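Data first, discussion second: the structure below is written as C-alpha cells.
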Amino acid sequence: MRYLIVSGSFFDAGGLAMIKGAMNGIKSLDEKAEFRSLHRRIHHKKGICETYTEPAQNKKAFKWADVILDIGGLCAGQSNKYDWLKLRKKYDKPYVWMSQSFQFVDKRLLEGTIIVCRGKRTAQLVKNAGFNCEIAPDLSFLVEPRKWTGKKYKRVFSTHFPKNIAQMYNICNKNTDIQVIEKPGYRREGEYWEPRLPIDSFTGPVEDNFGLIESVNEVHTARYQIACAAILAGIKPALYTTGDEKYNEKYLDLMDFHGNTAKELREAAMISCEAAVNAGK
C-alpha cells in the first residue's frame, strides 16, 4: 500500500524518530509498503522517502496515497490539518492519527478518522468527545538503536528553549556529559530551538542518538523523543517541562510506560502500525 506521511519533519530528529519508527513497524506488516511525505520545505531532508511540497502539492499527494498517516505526535489544532481533513473527505482516504496526543478535541478533525492515542489521559479526552480510540506509546519506541562506539559518557542532556531548563546549566559537567541536539542551528522567536550547554554535543542519525542514550547512566531532557529513548533503554529520564499543565499531560502519559521492557514497549507501539495497515485494507 501507499502511505502518505503528514505532520512529520525530516529536519528535526525528534520528528524523524517517529517517522522511522512508523516505517519500521509498517514494513514488518506490509512488505510492499511505499512511503511519501507531505511537508513544507523547512521540514525537508533528503534520503528518507520521496516528498510533496505543502501546500502546492496537497491534492497530488492525497490522490497518490492509499492511507494518510498523521505522525505529528501532538495535535494542537494546527491550521493545515483542517485542509488535510477536507482532502481526506474529498478523495475518500482513510486518515490515521498514529500514536497521538491531543491538547483539545475538535470534532471537525476527528470525525471519520482512526485514532490512536499516546496515553490514557489524551485517550480520555478523545473518548469524552464521543470518539473511539486505541492507546499505543510513541512511535519512536520502534527505532532500532545503533550501538554507541564513541567516547563513554555518564549523562545525556537535551534542551528546548520554551522549557524550564535553567537547572541544566548548574548540574552539567563538561568532563562526563554530552548534549544531544536534534534540530541543529534552528531558531524560533529569536531563540535557538535547543540552547547549547557548555559540554560536548552530538548531532547524528536517530539510531545513533538512541544508541548514545542507551550507553549512559542518566538522561536529562526537555525533548519528548529523547525521553522515549531513555525509557526504551530502561532509564527513567529527568524531565524538564513547561508551566502549562495541559501541555505537560503528554509527559505524564509517557511516564506511565516507564518500567516496561523494550519488548513490551515495541509490542504496544505496533498497535499504531497495525491500525495504519488495516485502514488501507
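Labels for the C-alpha cells follow display order: chains A, B, ..., residues from 1 in each chain, ligands from 1.
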
Could you list, as number ranges by chain, every residue within 9 Å of range 64-71 of chain A, counting only C-alpha atoms and ignoring same-chain residues fewer than 6 positions away? A: 1-9, 15, 18-19, 22, 35-36, 88, 93-100, 139, 276-277, 279-280

Expected answer as an mmCIF file with C-alpha atoms, in the first residue's frame: alpha helix (DSSP H) residues in range 61-250 of chain A:
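out-v6.cif, written as the output of this step:
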data_model
loop_
_atom_site.group_PDB
_atom_site.id
_atom_site.type_symbol
_atom_site.label_atom_id
_atom_site.label_comp_id
_atom_site.auth_asym_id
_atom_site.auth_seq_id
_atom_site.Cartn_x
_atom_site.Cartn_y
_atom_site.Cartn_z
ATOM 1 C CA ALA A 61 -0.188 13.853 -2.591
ATOM 2 C CA PHE A 62 -3.645 12.813 -1.420
ATOM 3 C CA LYS A 63 -4.505 11.371 -4.835
ATOM 4 C CA TRP A 64 -1.340 9.226 -4.701
ATOM 5 C CA SER A 79 -4.456 25.118 10.675
ATOM 6 C CA ASN A 80 -3.095 22.893 7.901
ATOM 7 C CA LYS A 81 -4.749 19.838 9.444
ATOM 8 C CA TYR A 82 -8.149 21.253 8.537
ATOM 9 C CA ASP A 83 -7.075 21.398 4.887
ATOM 10 C CA TRP A 84 -5.916 17.775 5.018
ATOM 11 C CA LEU A 85 -9.162 16.580 6.556
ATOM 12 C CA LYS A 86 -11.114 18.296 3.751
ATOM 13 C CA LEU A 87 -8.963 16.489 1.187
ATOM 14 C CA ARG A 88 -9.373 13.208 3.042
ATOM 15 C CA LYS A 89 -13.127 13.518 2.631
ATOM 16 C CA LYS A 90 -12.912 14.736 -0.968
ATOM 17 C CA TYR A 91 -10.781 11.781 -2.096
ATOM 18 C CA LYS A 107 -14.875 17.108 16.045
ATOM 19 C CA ARG A 108 -14.178 18.580 12.595
ATOM 20 C CA LEU A 109 -10.735 16.999 12.739
ATOM 21 C CA LEU A 110 -11.597 13.625 14.230
ATOM 22 C CA LYS A 120 -4.665 7.243 28.892
ATOM 23 C CA ARG A 121 -5.140 10.963 29.602
ATOM 24 C CA THR A 122 -5.338 12.056 25.985
ATOM 25 C CA ALA A 123 -7.440 8.963 25.239
ATOM 26 C CA GLN A 124 -9.943 10.024 27.892
ATOM 27 C CA LEU A 125 -10.154 13.452 26.273
ATOM 28 C CA VAL A 126 -10.959 11.824 22.937
ATOM 29 C CA LYS A 127 -13.485 9.422 24.472
ATOM 30 C CA ASN A 128 -15.214 12.250 26.363
ATOM 31 C CA ALA A 166 17.914 26.674 33.786
ATOM 32 C CA GLN A 167 18.993 23.962 36.229
ATOM 33 C CA MET A 168 20.755 22.073 33.427
ATOM 34 C CA TYR A 169 23.458 24.755 33.282
ATOM 35 C CA ASN A 170 24.149 24.260 37.004
ATOM 36 C CA ILE A 171 24.437 20.491 37.016
ATOM 37 C CA VAL A 206 18.223 8.919 15.026
ATOM 38 C CA GLU A 207 19.606 5.422 15.540
ATOM 39 C CA ASP A 208 22.889 6.865 16.841
ATOM 40 C CA ASN A 209 21.068 9.241 19.191
ATOM 41 C CA PHE A 210 19.235 6.273 20.674
ATOM 42 C CA GLY A 211 22.443 4.229 20.868
ATOM 43 C CA LEU A 212 24.251 7.017 22.712
ATOM 44 C CA ILE A 213 21.395 7.314 25.196
ATOM 45 C CA GLU A 214 21.436 3.547 25.692
ATOM 46 C CA TYR A 224 9.962 14.079 24.176
ATOM 47 C CA GLN A 225 11.689 11.581 21.891
ATOM 48 C CA ILE A 226 14.911 11.752 23.926
ATOM 49 C CA ALA A 227 12.800 10.741 26.920
ATOM 50 C CA CYS A 228 11.394 7.871 24.836
ATOM 51 C CA ALA A 229 14.914 6.713 24.024
ATOM 52 C CA ALA A 230 15.765 6.733 27.736
ATOM 53 C CA ILE A 231 12.685 4.681 28.659
ATOM 54 C CA LEU A 232 13.470 2.230 25.843
ATOM 55 C CA GLU A 245 -0.234 21.647 32.907
ATOM 56 C CA LYS A 246 -2.336 20.727 29.878
ATOM 57 C CA TYR A 247 0.748 20.515 27.634
ATOM 58 C CA ASN A 248 2.624 18.527 30.258
ATOM 59 C CA GLU A 249 -0.023 15.793 30.281
ATOM 60 C CA LYS A 250 1.739 14.193 27.323
#

Test item: residues at most 9 Å from Ala76 in chain A, only C-alpha atoms, excluding those fewer than 4 positions along its chain, as a list in words: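 Selected residues are Ser101, Phe102, Gln103, Phe104 and Val105 of chain A.
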
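Closest approach to Ala233 in chain A among A:Glu144, A:Glu54, A:Glu182, A:Glu194 is made by A:Glu144 (distances from only C-alpha atoms).
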
So that I can check the secondary structure, give me every residue of range 43-115 of chain A assigned strand (DSSP E or B) by backbone DSSP, as JSON, numbers by chain. {"A": [50, 51, 52, 53, 67, 68, 69, 70, 74, 75, 95, 96, 97, 98, 99, 100, 101, 102, 114, 115]}

Name the closest residue to Leu265 in chain A among the candidates A:Gly112, A:Pro137, A:Gly25, A:Pro198; distances are taken between atoms, counting only C-alpha atoms.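 Of A:Gly112, A:Pro137, A:Gly25, A:Pro198, the one nearest Leu265 in chain A, counting only C-alpha atoms, is A:Pro137.
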
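Nearest-residue note for Asn164 in chain A: choosing from A:Thr176, A:Thr221, A:Thr113, A:Ser140, the minimum distance belongs to A:Thr221, counting only C-alpha atoms.
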
Pick out the residues sitting within 10 Å of Lys263 in chain A, and hand them over as a count of residues only; count only C-alpha atoms, and ignore anything fewer than 4 positions along from it in its own chain. 6

Interatomic distance between CA of Met23 in chain A and CA of Arg41 in chain A? 20.8 Å
